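Have a look at query.txt; it's compact mmCIF, C-alpha atoms:
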```txt
# COMPACT_ATOMS: atom_id res chain seq x y z
CA MET A 248 35.27 35.48 36.58
CA GLU A 249 35.10 39.13 37.53
CA LEU A 250 35.48 39.94 41.22
CA THR A 251 31.92 41.28 41.05
CA SER A 252 30.47 38.15 39.39
CA SER A 253 27.50 36.60 41.19
CA ILE A 254 28.51 33.17 42.46
CA TYR A 255 26.05 30.75 44.07
CA ILE A 256 27.60 28.19 46.43
CA ALA A 257 25.05 25.47 47.15
CA GLY A 258 25.92 23.75 50.42
CA HIS A 259 28.02 26.63 51.70
CA LYS A 260 27.96 25.33 55.30
CA GLY A 261 29.40 21.93 54.39
CA LEU A 262 32.97 20.75 54.01
CA ILE A 263 33.64 21.67 50.35
CA GLY A 264 31.13 24.51 50.18
CA SER A 265 32.64 26.33 53.15
CA ALA A 266 36.13 25.87 51.67
CA MET A 267 34.88 27.47 48.44
CA VAL A 268 33.47 30.42 50.40
CA ARG A 269 36.80 30.90 52.21
CA ARG A 270 38.80 30.72 49.00
CA LEU A 271 36.56 33.07 47.07
CA ARG A 272 36.51 35.67 49.84
CA GLN A 273 40.29 35.46 50.31
CA THR A 274 40.72 36.03 46.57
CA GLY A 275 38.48 39.11 46.57
CA TYR A 276 35.13 37.81 45.30
CA GLY A 277 32.38 39.59 47.21
CA ASN A 278 29.13 38.83 45.39
CA LEU A 279 28.46 35.40 46.88
CA LEU A 280 24.94 33.97 46.93
CA LEU A 281 24.43 31.84 50.02
CA ALA A 282 21.18 30.24 51.18
CA HIS A 283 20.57 27.93 54.13
CA HIS A 284 18.44 24.81 53.67
CA ALA A 285 15.63 26.49 55.60
CA GLU A 286 15.66 29.30 53.03
CA LEU A 287 16.03 27.14 49.92
CA ASP A 288 15.16 23.44 49.66
CA LEU A 289 17.08 22.26 46.60
CA THR A 290 14.90 19.16 46.27
CA LYS A 291 11.94 21.45 45.37
CA PRO A 292 12.04 22.52 41.69
CA ASP A 293 9.79 25.57 42.14
CA ALA A 294 11.97 26.87 44.95
CA VAL A 295 15.15 26.40 42.91
CA ASN A 296 13.70 28.07 39.82
CA GLY A 297 12.45 30.97 41.93
CA PHE A 298 15.89 31.46 43.49
CA PHE A 299 17.65 31.45 40.11
CA ALA A 300 15.05 33.81 38.64
CA ARG A 301 15.48 36.31 41.48
CA HIS A 302 19.26 36.22 41.83
CA GLN A 303 20.49 35.32 38.31
CA PRO A 304 23.76 33.67 39.39
CA GLU A 305 26.53 33.71 36.78
CA TYR A 306 28.49 30.84 38.35
CA VAL A 307 27.39 27.90 40.48
CA ILE A 308 29.31 25.52 42.74
CA LEU A 309 27.02 22.60 43.52
CA ALA A 310 28.42 21.27 46.81
CA ALA A 311 25.07 20.36 48.35
CA GLY A 312 23.85 16.80 48.68
CA ARG A 313 23.16 13.85 50.96
CA VAL A 314 26.48 12.27 51.98
CA GLY A 315 27.65 9.78 54.60
CA GLY A 316 29.71 6.73 55.39
CA ILE A 317 29.01 3.01 54.99
CA VAL A 318 26.39 2.86 57.76
CA GLU A 319 24.40 5.77 56.35
CA ASN A 320 24.61 4.42 52.80
CA GLN A 321 23.44 0.99 53.89
CA THR A 322 20.62 2.27 56.11
CA PHE A 323 19.15 5.00 53.88
CA PRO A 324 19.82 4.09 50.22
CA ALA A 325 16.47 5.44 49.00
CA ASP A 326 17.06 8.75 50.77
CA PHE A 327 20.52 9.02 49.19
CA LEU A 328 19.13 8.42 45.70
CA ASN A 329 16.08 10.66 46.07
CA ALA A 330 17.86 13.63 47.59
CA ASN A 331 20.91 13.67 45.31
CA LEU A 332 19.00 13.00 42.11
CA ALA A 333 16.50 15.76 42.91
CA ILE A 334 19.13 18.33 43.87
CA GLN A 335 21.26 17.72 40.79
CA LEU A 336 18.30 17.69 38.40
CA ASN A 337 16.76 20.87 39.80
CA VAL A 338 19.98 22.89 39.98
CA LEU A 339 21.26 21.86 36.55
CA GLN A 340 17.90 22.55 34.91
CA ALA A 341 17.75 26.00 36.50
CA ALA A 342 21.37 26.73 35.63
CA HIS A 343 20.66 25.91 31.99
CA ARG A 344 17.38 27.80 31.92
CA PHE A 345 18.80 30.98 33.43
CA GLY A 346 22.08 31.07 31.50
CA VAL A 347 24.69 30.25 34.14
CA GLN A 348 28.14 30.69 32.58
CA LYS A 349 29.81 27.82 34.45
CA LEU A 350 28.71 25.21 36.97
CA ILE A 351 30.86 22.78 38.94
CA LEU A 352 29.31 19.52 40.13
CA PHE A 353 31.14 17.17 42.48
CA GLY A 354 31.19 13.47 41.78
CA SER A 355 32.80 10.85 43.99
CA SER A 356 35.52 8.21 43.71
CA CYS A 357 32.90 5.62 44.75
CA MET A 358 31.45 5.95 41.22
CA TYR A 359 34.33 3.84 39.90
CA PRO A 360 34.05 0.04 39.68
CA ARG A 361 34.88 -1.77 42.90
CA GLU A 362 37.52 -3.81 41.09
CA CYS A 363 39.22 -1.08 39.10
CA PRO A 364 42.81 -0.75 37.85
CA GLN A 365 44.75 1.62 40.08
CA PRO A 366 45.11 4.54 39.85
CA MET A 367 41.60 5.01 38.46
CA ALA A 368 41.46 7.01 35.23
CA GLU A 369 38.30 8.79 34.11
CA CYS A 370 37.90 6.39 31.18
CA MET A 371 37.19 3.57 33.66
CA LEU A 372 33.85 5.00 34.74
CA LEU A 373 30.91 2.68 33.89
CA THR A 374 33.19 -0.24 33.08
CA GLY A 375 32.06 -2.21 36.14
CA LYS A 376 29.81 -2.22 39.22
CA PRO A 377 30.65 0.18 42.07
CA GLU A 378 31.23 -0.97 45.64
CA PRO A 379 27.86 -2.34 46.96
CA THR A 380 28.10 -0.58 50.33
CA SER A 381 27.89 2.84 48.63
CA LEU A 382 25.96 1.87 45.49
CA ALA A 383 22.99 4.22 45.95
CA TYR A 384 25.21 7.26 46.37
CA ALA A 385 27.44 6.18 43.49
CA ILE A 386 24.49 5.81 41.13
CA SER A 387 23.12 9.22 42.06
CA LYS A 388 26.47 10.90 41.42
CA LEU A 389 26.96 9.04 38.14
CA ALA A 390 23.58 10.40 37.05
CA GLY A 391 24.61 13.96 37.94
CA LEU A 392 27.89 13.59 36.07
CA GLN A 393 26.16 12.24 32.98
CA LEU A 394 23.60 15.05 33.11
CA CYS A 395 26.43 17.59 32.99
CA LEU A 396 27.96 15.87 29.97
CA ALA A 397 24.54 15.54 28.30
CA TYR A 398 23.87 19.28 28.55
CA ASN A 399 27.34 20.05 27.19
CA GLN A 400 26.86 17.63 24.30
CA GLN A 401 23.32 18.60 23.38
CA TYR A 402 23.95 22.35 23.43
CA GLY A 403 27.53 22.34 22.13
CA GLU A 404 28.95 24.00 25.23
CA ALA A 405 31.32 23.20 28.10
CA ARG A 406 29.51 25.12 30.82
CA PHE A 407 28.89 22.22 33.18
CA ILE A 408 32.08 20.82 34.72
CA PRO A 409 31.90 17.57 36.70
CA VAL A 410 34.91 17.02 38.95
CA ILE A 411 35.65 13.87 40.97
CA PRO A 412 37.49 14.62 44.21
CA ASN A 413 38.70 11.77 46.35
CA SER A 414 37.90 11.61 50.09
CA ALA A 415 37.77 15.24 51.20
CA PHE A 416 38.58 16.40 54.72
CA GLY A 417 39.09 19.64 56.61
CA PRO A 418 37.17 22.19 58.70
CA ASN A 419 33.37 21.89 58.74
CA ASP A 420 33.48 18.16 58.06
CA ASN A 421 30.87 15.83 59.56
CA PHE A 422 32.50 14.30 62.65
CA ASP A 423 29.58 12.05 63.62
CA PRO A 424 30.96 8.49 64.14
CA THR A 425 27.83 7.03 62.52
CA SER A 426 27.15 9.27 59.55
CA GLY A 427 30.58 10.80 58.85
CA HIS A 428 33.28 9.57 56.50
CA VAL A 429 36.19 7.56 57.79
CA LEU A 430 38.77 10.29 58.50
CA SER A 431 36.48 12.70 60.36
CA SER A 432 34.74 9.86 62.21
CA LEU A 433 38.09 8.54 63.42
CA ILE A 434 39.15 11.98 64.61
CA ARG A 435 36.02 12.16 66.76
CA ARG A 436 36.43 8.61 68.10
CA PHE A 437 40.13 8.96 68.95
CA HIS A 438 39.47 12.32 70.60
CA GLU A 439 36.74 10.82 72.78
CA ALA A 440 38.89 7.77 73.59
CA LYS A 441 41.70 10.06 74.78
CA ARG A 442 39.28 12.26 76.73
CA THR A 443 37.73 9.29 78.55
CA GLY A 444 41.03 7.45 79.07
CA ALA A 445 39.93 4.37 77.11
CA ASN A 446 42.55 1.61 76.97
CA SER A 447 41.52 0.52 73.48
CA ILE A 448 39.43 1.55 70.50
CA THR A 449 37.71 -0.89 68.13
CA LEU A 450 37.51 0.01 64.43
CA TRP A 451 35.64 -1.63 61.55
CA GLY A 452 37.22 -4.04 59.08
CA THR A 453 40.78 -5.20 58.65
CA GLY A 454 42.46 -1.82 58.23
CA ALA A 455 43.91 -3.01 54.90
CA PRO A 456 41.88 -0.95 52.35
CA ARG A 457 43.72 2.03 50.90
CA ARG A 458 42.24 5.52 50.61
CA GLU A 459 43.37 8.81 49.10
CA PHE A 460 42.54 12.00 50.99
CA ILE A 461 42.48 15.60 49.81
CA HIS A 462 42.04 18.72 51.88
CA ALA A 463 38.94 20.76 51.05
CA ASP A 464 41.03 23.90 50.59
CA ASP A 465 42.96 22.19 47.79
CA ILE A 466 39.65 21.27 46.17
CA ALA A 467 38.55 24.91 46.37
CA HIS A 468 41.83 26.01 44.78
CA ALA A 469 41.29 23.62 41.86
CA CYS A 470 37.69 24.72 41.35
CA LEU A 471 38.59 28.40 41.31
CA MET A 472 41.13 27.65 38.59
CA LEU A 473 38.50 25.78 36.55
CA LEU A 474 36.04 28.66 36.88
CA ASN A 475 38.62 31.20 35.73
CA ARG A 476 40.28 29.38 32.86
CA ASP A 477 39.11 28.29 29.42
CA THR A 478 38.00 24.68 29.92
CA SER A 479 36.57 24.14 26.43
CA ARG A 480 39.43 21.78 25.50
CA LEU A 481 39.55 19.99 28.85
CA SER A 482 38.21 16.43 28.67
CA LEU A 483 35.45 15.94 31.23
CA PRO A 484 35.02 14.71 33.89
CA VAL A 485 38.29 15.35 35.73
CA ASN A 486 39.67 13.54 38.76
CA LEU A 487 40.87 15.62 41.67
CA GLY A 488 43.36 13.89 43.94
CA THR A 489 46.80 14.07 45.46
CA GLY A 490 48.25 10.86 44.01
CA GLN A 491 49.05 9.44 47.47
CA ASP A 492 46.97 6.92 49.43
CA TYR A 493 47.19 5.23 52.83
CA THR A 494 45.80 2.09 54.42
CA ILE A 495 43.03 2.65 56.93
CA SER A 496 45.40 1.22 59.53
CA GLU A 497 48.00 3.86 58.62
CA LEU A 498 45.30 6.53 58.77
CA ALA A 499 44.25 5.40 62.25
CA GLN A 500 47.85 5.47 63.48
CA ARG A 501 48.43 8.96 62.09
CA ILE A 502 45.23 10.27 63.68
CA ALA A 503 46.12 8.64 66.99
CA MET A 504 49.47 10.44 66.86
CA VAL A 505 47.89 13.82 66.06
CA VAL A 506 45.26 13.41 68.79
CA GLY A 507 47.75 12.02 71.30
CA TYR A 508 45.92 8.75 71.93
CA GLU A 509 48.22 5.97 73.17
CA GLY A 510 45.77 3.07 73.67
CA GLU A 511 45.41 -0.11 71.63
CA ILE A 512 43.72 -0.15 68.20
CA VAL A 513 41.57 -3.27 67.71
CA TRP A 514 40.13 -4.28 64.33
CA ASP A 515 36.66 -5.91 64.10
CA THR A 516 37.15 -8.07 61.00
CA ASN A 517 33.48 -9.11 61.02
CA LYS A 518 32.61 -5.63 59.77
CA PRO A 519 32.89 -4.64 56.06
CA ASP A 520 35.99 -3.03 54.58
CA GLY A 521 34.39 -1.39 51.56
CA ALA A 522 36.33 -1.10 48.30
CA PRO A 523 39.91 -2.43 48.54
CA ARG A 524 41.48 0.69 47.02
CA LYS A 525 40.36 4.03 45.57
CA LEU A 526 43.32 5.97 44.19
CA LEU A 527 42.54 8.48 41.46
CA ASP A 528 44.62 9.17 38.38
CA SER A 529 44.59 12.99 38.41
CA THR A 530 46.98 13.43 35.48
CA ARG A 531 44.35 15.25 33.42
CA LEU A 532 43.94 18.04 35.98
CA HIS A 533 47.63 18.14 36.89
CA ASP A 534 48.48 18.66 33.22
CA PHE A 535 45.92 21.49 33.18
CA GLY A 536 47.97 23.30 35.82
CA TRP A 537 46.63 22.30 39.23
CA HIS A 538 48.64 20.57 41.97
CA PRO A 539 47.81 20.09 45.68
CA THR A 540 49.58 22.34 48.16
CA ILE A 541 48.50 20.93 51.56
CA ASP A 542 50.43 17.86 52.72
CA PHE A 543 48.44 15.17 54.48
CA ASP A 544 49.91 15.43 57.98
CA SER A 545 49.59 19.21 58.21
CA GLY A 546 46.03 18.88 56.89
CA LEU A 547 45.27 16.36 59.64
CA ARG A 548 46.64 18.72 62.29
CA ASN A 549 44.66 21.61 60.85
CA THR A 550 41.46 19.56 60.84
CA TYR A 551 41.92 18.25 64.37
CA GLN A 552 42.68 21.75 65.67
CA TRP A 553 39.43 22.97 64.09
CA TYR A 554 37.53 20.05 65.63
CA VAL A 555 38.92 20.73 69.11
CA GLU A 556 37.98 24.40 68.83
CA HIS A 557 34.42 23.48 67.84
CA ALA A 558 34.00 20.15 69.67
CA ALA A 559 31.60 21.34 72.37
CA LEU A 560 29.22 22.89 69.84
CA LEU A 561 29.46 19.93 67.46
CA GLU A 562 28.76 17.37 70.18
CA ALA A 563 25.76 19.38 71.38
CA CYS A 564 24.30 19.34 67.86
CA LEU A 565 24.85 15.61 67.20
```
Could the structure of this file be written out as structure tokens, please?
Amino acid sequence: MELTSSIYIAGHKGLIGSAMVRRLRQTGYGNLLLAHHAELDLTKPDAVNGFFARHQPEYVILAAGRVGGIVENQTFPADFLNANLAIQLNVLQAAHRFGVQKLILFGSSCMYPRECPQPMAECMLLTGKPEPTSLAYAISKLAGLQLCLAYNQQYGEARFIPVIPNSAFGPNDNFDPTSGHVLSSLIRRFHEAKRTGANSITLWGTGAPRREFIHADDIAHACLMLLNRDTSRLSLPVNLGTGQDYTISELAQRIAMVVGYEGEIVWDTNKPDGAPRKLLDSTRLHDFGWHPTIDFDSGLRNTYQWYVEHAALLEACL
């Protein structure tokens, strides 16, 4: 990409989208196309086509979508399917129609079968049924991934690049205990437990499932590399992970330490665990030249510091 290239970041206020904006600006890219949801509803095809016609983006990072944890997935499965399918279909169609040079679409580790050999290699996609508690979201992201590959196959190009990051975290995450993912939700809950002086905190499940976490800034670093390098020989999709996972119990203990909470952690084993393990095999992308640079504990501290600095505003909005 040229520093003057027009780059559209869909979902620029979210976790990964905001990390992309930071990375691009730090690297010297100044022609960023940013639109709030109130300005551009990506579920409306006419609105998306009009935006692409007016602005003619050369590159697109599709980081917009309906996301959430187990509760959200279980409560609103139709909303998850409708919103994500519509956004992906509309943006990819417009990107193809208006000649976008490269587009990055984000999949999810929940697309892999629930019972999948670990670490999970890209070839294992569609070899089994995903975890039921996130099935609607998984199906929608599988559809987006396959649409990228279908365009590349049908038109003999490699313009659409689906990447599969594992559980992302960092500044601008969703810290709502109900709708957020596990790491950000736990940060909020441990922070509130410390603030109120609670003697104990009760968490869902057994604490035994293992999860891999990657800082959003590392994701942005990888995506910038993919946008700038020749990816025509890179097998798609590509996993994007650190190669290290932790039990949810270990995660809770690390967050408690960062927050400074010293009460008891109680596990409600009547609540679901989700998939037993979701560790990605990121060899394909590592061999291409990308490696993570942010270690987990420093990323946790960075994320909690950001949350504390923005806690009052976040809690007022939730």
Can you tell me which residues surround stretch 266-283 of chain A at a distance of at most 9 Å, considering all atoms listed in the file, apart from same-chain residues fewer than 5 positions away, and format the answer as a count of residues only?
28
With distances taken over only C-alpha atoms, which of A:Ala325, A:Ala415, A:Ile502, A:Val429 is nearest to A:Ile386?
A:Ala325
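Each of A:His538, A:Ile408, A:Thr425, A:Pro456 was compared to A:Val307 using only C-alpha atoms, and A:Ile408 turns out to be the nearest.
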Using only C-alpha atoms, what table do you get, as a tab-separated table, when you list each residue of stretch 457-478 of chain A with an atom no more than 8 Å from stretch 526-530 of chain A, its nearest pair of atoms, and their distance in Å rounded to one decimal, rows by chain then rising number?
```
residue	atom	partner	partner_atom	distance
A:Arg457	CA	A:Leu526	CA	7.8
A:Arg458	CA	A:Leu526	CA	6.5
A:Glu459	CA	A:Leu526	CA	5.7
```
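Of note, atom CA of A:Cys357 and atom CA of A:Val506 are spaced 28.1 Å apart.
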Between A:Gln401, A:Gly510, A:Gly427, A:Gln500, which has the minimum distance to A:Ile448 (counting only C-alpha atoms)?
A:Gly510
Counting only C-alpha atoms, which residues of stretch 267-369 of chain A fall within 9 Å of stretch 484-488 of chain A, and what is the closest atom pair for each with its distance in Å at one decimal, ordered by chain and rising number, as JSON lines?
```
{"residue": "A:Gly354", "atom": "CA", "partner": "A:Pro484", "partner_atom": "CA", "distance": 8.9}
{"residue": "A:Ser356", "atom": "CA", "partner": "A:Asn486", "partner_atom": "CA", "distance": 8.4}
{"residue": "A:Met367", "atom": "CA", "partner": "A:Asn486", "partner_atom": "CA", "distance": 8.8}
{"residue": "A:Ala368", "atom": "CA", "partner": "A:Asn486", "partner_atom": "CA", "distance": 7.6}
{"residue": "A:Glu369", "atom": "CA", "partner": "A:Val485", "partner_atom": "CA", "distance": 6.8}
```
Keeping C-alpha atoms for every residue in the selection just given, could you write it to a file as a compact mmCIF listing (two decimals), keeping the file's coordinate frame?
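Below is the file that was written, part.txt:
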```
# COMPACT_ATOMS: atom_id res chain seq x y z
CA GLY A 354 31.19 13.47 41.78
CA SER A 356 35.52 8.21 43.71
CA MET A 367 41.60 5.01 38.46
CA ALA A 368 41.46 7.01 35.23
CA GLU A 369 38.30 8.79 34.11
```
Nearest to A:Leu547, restricted to all atoms listed in the file and choosing among A:Ile263, A:Leu498, A:Thr449, A:His343, comes out as A:Leu498
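Those residues that approach A:Ala440 to within 12 Å, counting only C-alpha atoms, are Leu433, Ile434, Arg435, Arg436, Phe437, His438, Arg442, Thr443, Gly444, Ala445, Asn446, Ser447, Ile448, Thr449, Ala503, Val506, Gly507, Tyr508, Glu509, Gly510, Glu511 and Ile512 of chain A; same-chain residues fewer than 2 positions away are not listed.
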So the first atom is atom CA of A:Lys388 and the second is atom CA of A:Gln335; what is the distance between them in Å, to one decimal place?
8.6 Å
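The shortest atom-to-atom distance to A:Asp492, with only C-alpha atoms taken into account, belongs to A:Pro366 out of A:Pro366, A:Asp423, A:Thr550, A:Leu532.
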Rank nothing, just name the residue among A:Ile461, A:Leu473, A:Thr494, A:His557 nearest to A:Asp544, using all atoms listed in the file.
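Nearest candidate to A:Asp544 out of A:Ile461, A:Leu473, A:Thr494, A:His557: A:Ile461.
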What is the atom CA of A:Ala333 to atom CA of A:Tyr398 distance in Å?
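Going from atom CA of A:Ala333 over to atom CA of A:Tyr398, I get 16.5 Å.
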Mind checking which residues fall within 10 Å of A:Arg480, counting all atoms listed in the file, ignoring those fewer than 3 positions away in the same chain, and posting them as a PDB file with C-alpha atoms, in the frame of the given file?
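Saved to out24.pdb:
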```
ATOM      1  CA  ALA A 405      31.320  23.200  28.100  1.00  0.00           C
ATOM      2  CA  ASP A 477      39.110  28.290  29.420  1.00  0.00           C
ATOM      3  CA  LEU A 483      35.450  15.940  31.230  1.00  0.00           C
TER       4      LEU A 483
END
```
Give me, as a tab-separated table, the closest atom pair and its distance (Å, one decimal) for every residue of stretch 314-359 of chain A within a cut-off of 12 Å of stretch 518-522 of chain A, counting all atoms listed in the file, rows sorted by chain and rising number.
```
residue	atom	partner	partner_atom	distance
A:Gly316	CA	A:Gly521	CA	10.1
A:Ile317	CA	A:Gly521	CA	7.8
A:Val318	CA	A:Pro519	CA	10.1
A:Asn320	CA	A:Gly521	CA	11.4
A:Gln321	CA	A:Pro519	CA	11.2
A:Ser356	CA	A:Ala522	CA	10.4
A:Cys357	CA	A:Ala522	CA	8.3
A:Met358	CA	A:Ala522	CA	11.1
A:Tyr359	CA	A:Ala522	CA	9.9
```
To box stretch 516-527 of chain A, take all atoms listed in the file, fit an axis-aligned box, add 6 Å on each side, and give centre and edge lengths in Å to one decimal, as lines of an AutoDock Vina configuration file.
```
center_x = 38.0
center_y = -0.3
center_z = 51.2
size_x = 22.7
size_y = 29.6
size_z = 31.6
```
Since the input lacks some atoms of stretch 536-546 of chain A, please model all heavy atoms and print them as a PDB file, in the coordinates of the input.
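Now in selection05.pdb:
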```pdb
ATOM      1  N   GLY A 536      47.299  22.261  35.040  1.00  0.00           N
ATOM      2  CA  GLY A 536      47.970  23.300  35.820  1.00  0.00           C
ATOM      3  C   GLY A 536      47.707  23.294  37.304  1.00  0.00           C
ATOM      4  O   GLY A 536      48.228  24.161  38.025  1.00  0.00           O
ATOM      5  N   TRP A 537      46.915  22.318  37.788  1.00  0.00           N
ATOM      6  CA  TRP A 537      46.630  22.300  39.230  1.00  0.00           C
ATOM      7  C   TRP A 537      47.450  21.212  39.928  1.00  0.00           C
ATOM      8  O   TRP A 537      47.590  20.099  39.410  1.00  0.00           O
ATOM      9  CB  TRP A 537      45.156  22.031  39.495  1.00  0.00           C
ATOM     10  CG  TRP A 537      44.880  21.862  40.971  1.00  0.00           C
ATOM     11  CD1 TRP A 537      44.647  22.852  41.883  1.00  0.00           C
ATOM     12  CD2 TRP A 537      44.833  20.631  41.704  1.00  0.00           C
ATOM     13  NE1 TRP A 537      44.478  22.314  43.131  1.00  0.00           N
ATOM     14  CE2 TRP A 537      44.580  20.952  43.048  1.00  0.00           C
ATOM     15  CE3 TRP A 537      44.997  19.287  41.342  1.00  0.00           C
ATOM     16  CZ2 TRP A 537      44.475  19.977  44.039  1.00  0.00           C
ATOM     17  CZ3 TRP A 537      44.894  18.315  42.330  1.00  0.00           C
ATOM     18  CH2 TRP A 537      44.634  18.671  43.660  1.00  0.00           C
ATOM     19  N   HIS A 538      47.960  21.543  41.122  1.00  0.00           N
ATOM     20  CA  HIS A 538      48.640  20.570  41.970  1.00  0.00           C
ATOM     21  C   HIS A 538      48.279  20.872  43.423  1.00  0.00           C
ATOM     22  O   HIS A 538      48.125  22.038  43.802  1.00  0.00           O
ATOM     23  CB  HIS A 538      50.160  20.631  41.784  1.00  0.00           C
ATOM     24  CG  HIS A 538      50.606  20.309  40.399  1.00  0.00           C
ATOM     25  ND1 HIS A 538      50.771  19.018  39.935  1.00  0.00           N
ATOM     26  CD2 HIS A 538      50.890  21.125  39.348  1.00  0.00           C
ATOM     27  CE1 HIS A 538      51.150  19.046  38.673  1.00  0.00           C
ATOM     28  NE2 HIS A 538      51.228  20.309  38.289  1.00  0.00           N
ATOM     29  N   PRO A 539      48.138  19.843  44.267  1.00  0.00           N
ATOM     30  CA  PRO A 539      47.810  20.090  45.680  1.00  0.00           C
ATOM     31  C   PRO A 539      48.939  20.801  46.385  1.00  0.00           C
ATOM     32  O   PRO A 539      50.109  20.655  46.037  1.00  0.00           O
ATOM     33  CB  PRO A 539      47.588  18.668  46.231  1.00  0.00           C
ATOM     34  CG  PRO A 539      48.377  17.780  45.328  1.00  0.00           C
ATOM     35  CD  PRO A 539      48.305  18.403  43.970  1.00  0.00           C
ATOM     36  N   THR A 540      48.575  21.569  47.415  1.00  0.00           N
ATOM     37  CA  THR A 540      49.580  22.340  48.160  1.00  0.00           C
ATOM     38  C   THR A 540      49.596  21.992  49.645  1.00  0.00           C
ATOM     39  O   THR A 540      50.501  22.427  50.358  1.00  0.00           O
ATOM     40  CB  THR A 540      49.307  23.848  48.023  1.00  0.00           C
ATOM     41  OG1 THR A 540      47.994  24.140  48.540  1.00  0.00           O
ATOM     42  CG2 THR A 540      49.376  24.284  46.564  1.00  0.00           C
ATOM     43  N   ILE A 541      48.610  21.238  50.130  1.00  0.00           N
ATOM     44  CA  ILE A 541      48.500  20.930  51.560  1.00  0.00           C
ATOM     45  C   ILE A 541      48.902  19.477  51.784  1.00  0.00           C
ATOM     46  O   ILE A 541      48.214  18.557  51.316  1.00  0.00           O
ATOM     47  CB  ILE A 541      47.075  21.174  52.079  1.00  0.00           C
ATOM     48  CG1 ILE A 541      46.678  22.638  51.845  1.00  0.00           C
ATOM     49  CG2 ILE A 541      46.960  20.806  53.563  1.00  0.00           C
ATOM     50  CD1 ILE A 541      45.227  22.938  52.167  1.00  0.00           C
ATOM     51  N   ASP A 542      50.016  19.240  52.483  1.00  0.00           N
ATOM     52  CA  ASP A 542      50.430  17.860  52.720  1.00  0.00           C
ATOM     53  C   ASP A 542      49.514  17.223  53.759  1.00  0.00           C
ATOM     54  O   ASP A 542      48.881  17.906  54.577  1.00  0.00           O
ATOM     55  CB  ASP A 542      51.891  17.797  53.154  1.00  0.00           C
ATOM     56  CG  ASP A 542      52.102  18.277  54.574  1.00  0.00           C
ATOM     57  OD1 ASP A 542      51.997  17.469  55.504  1.00  0.00           O
ATOM     58  OD2 ASP A 542      52.360  19.485  54.755  1.00  0.00           O
ATOM     59  N   PHE A 543      49.439  15.903  53.721  1.00  0.00           N
ATOM     60  CA  PHE A 543      48.440  15.170  54.480  1.00  0.00           C
ATOM     61  C   PHE A 543      48.552  15.394  55.992  1.00  0.00           C
ATOM     62  O   PHE A 543      47.557  15.657  56.676  1.00  0.00           O
ATOM     63  CB  PHE A 543      48.532  13.681  54.156  1.00  0.00           C
ATOM     64  CG  PHE A 543      47.464  12.850  54.808  1.00  0.00           C
ATOM     65  CD1 PHE A 543      46.131  13.157  54.639  1.00  0.00           C
ATOM     66  CD2 PHE A 543      47.813  11.759  55.589  1.00  0.00           C
ATOM     67  CE1 PHE A 543      45.142  12.393  55.228  1.00  0.00           C
ATOM     68  CE2 PHE A 543      46.824  10.977  56.190  1.00  0.00           C
ATOM     69  CZ  PHE A 543      45.480  11.298  56.003  1.00  0.00           C
ATOM     70  N   ASP A 544      49.752  15.313  56.533  1.00  0.00           N
ATOM     71  CA  ASP A 544      49.910  15.430  57.980  1.00  0.00           C
ATOM     72  C   ASP A 544      49.561  16.823  58.491  1.00  0.00           C
ATOM     73  O   ASP A 544      48.914  16.966  59.533  1.00  0.00           O
ATOM     74  CB  ASP A 544      51.336  15.051  58.389  1.00  0.00           C
ATOM     75  CG  ASP A 544      51.595  13.559  58.250  1.00  0.00           C
ATOM     76  OD1 ASP A 544      50.678  12.768  58.558  1.00  0.00           O
ATOM     77  OD2 ASP A 544      52.694  13.169  57.829  1.00  0.00           O
ATOM     78  N   SER A 545      49.957  17.867  57.775  1.00  0.00           N
ATOM     79  CA  SER A 545      49.590  19.210  58.210  1.00  0.00           C
ATOM     80  C   SER A 545      48.089  19.427  58.055  1.00  0.00           C
ATOM     81  O   SER A 545      47.463  20.123  58.870  1.00  0.00           O
ATOM     82  CB  SER A 545      50.368  20.271  57.415  1.00  0.00           C
ATOM     83  OG  SER A 545      50.036  20.223  56.033  1.00  0.00           O
ATOM     84  N   GLY A 546      47.482  18.813  57.032  1.00  0.00           N
ATOM     85  CA  GLY A 546      46.030  18.880  56.890  1.00  0.00           C
ATOM     86  C   GLY A 546      45.312  18.200  58.035  1.00  0.00           C
ATOM     87  O   GLY A 546      44.278  18.689  58.525  1.00  0.00           O
TER      88      GLY A 546
END
```
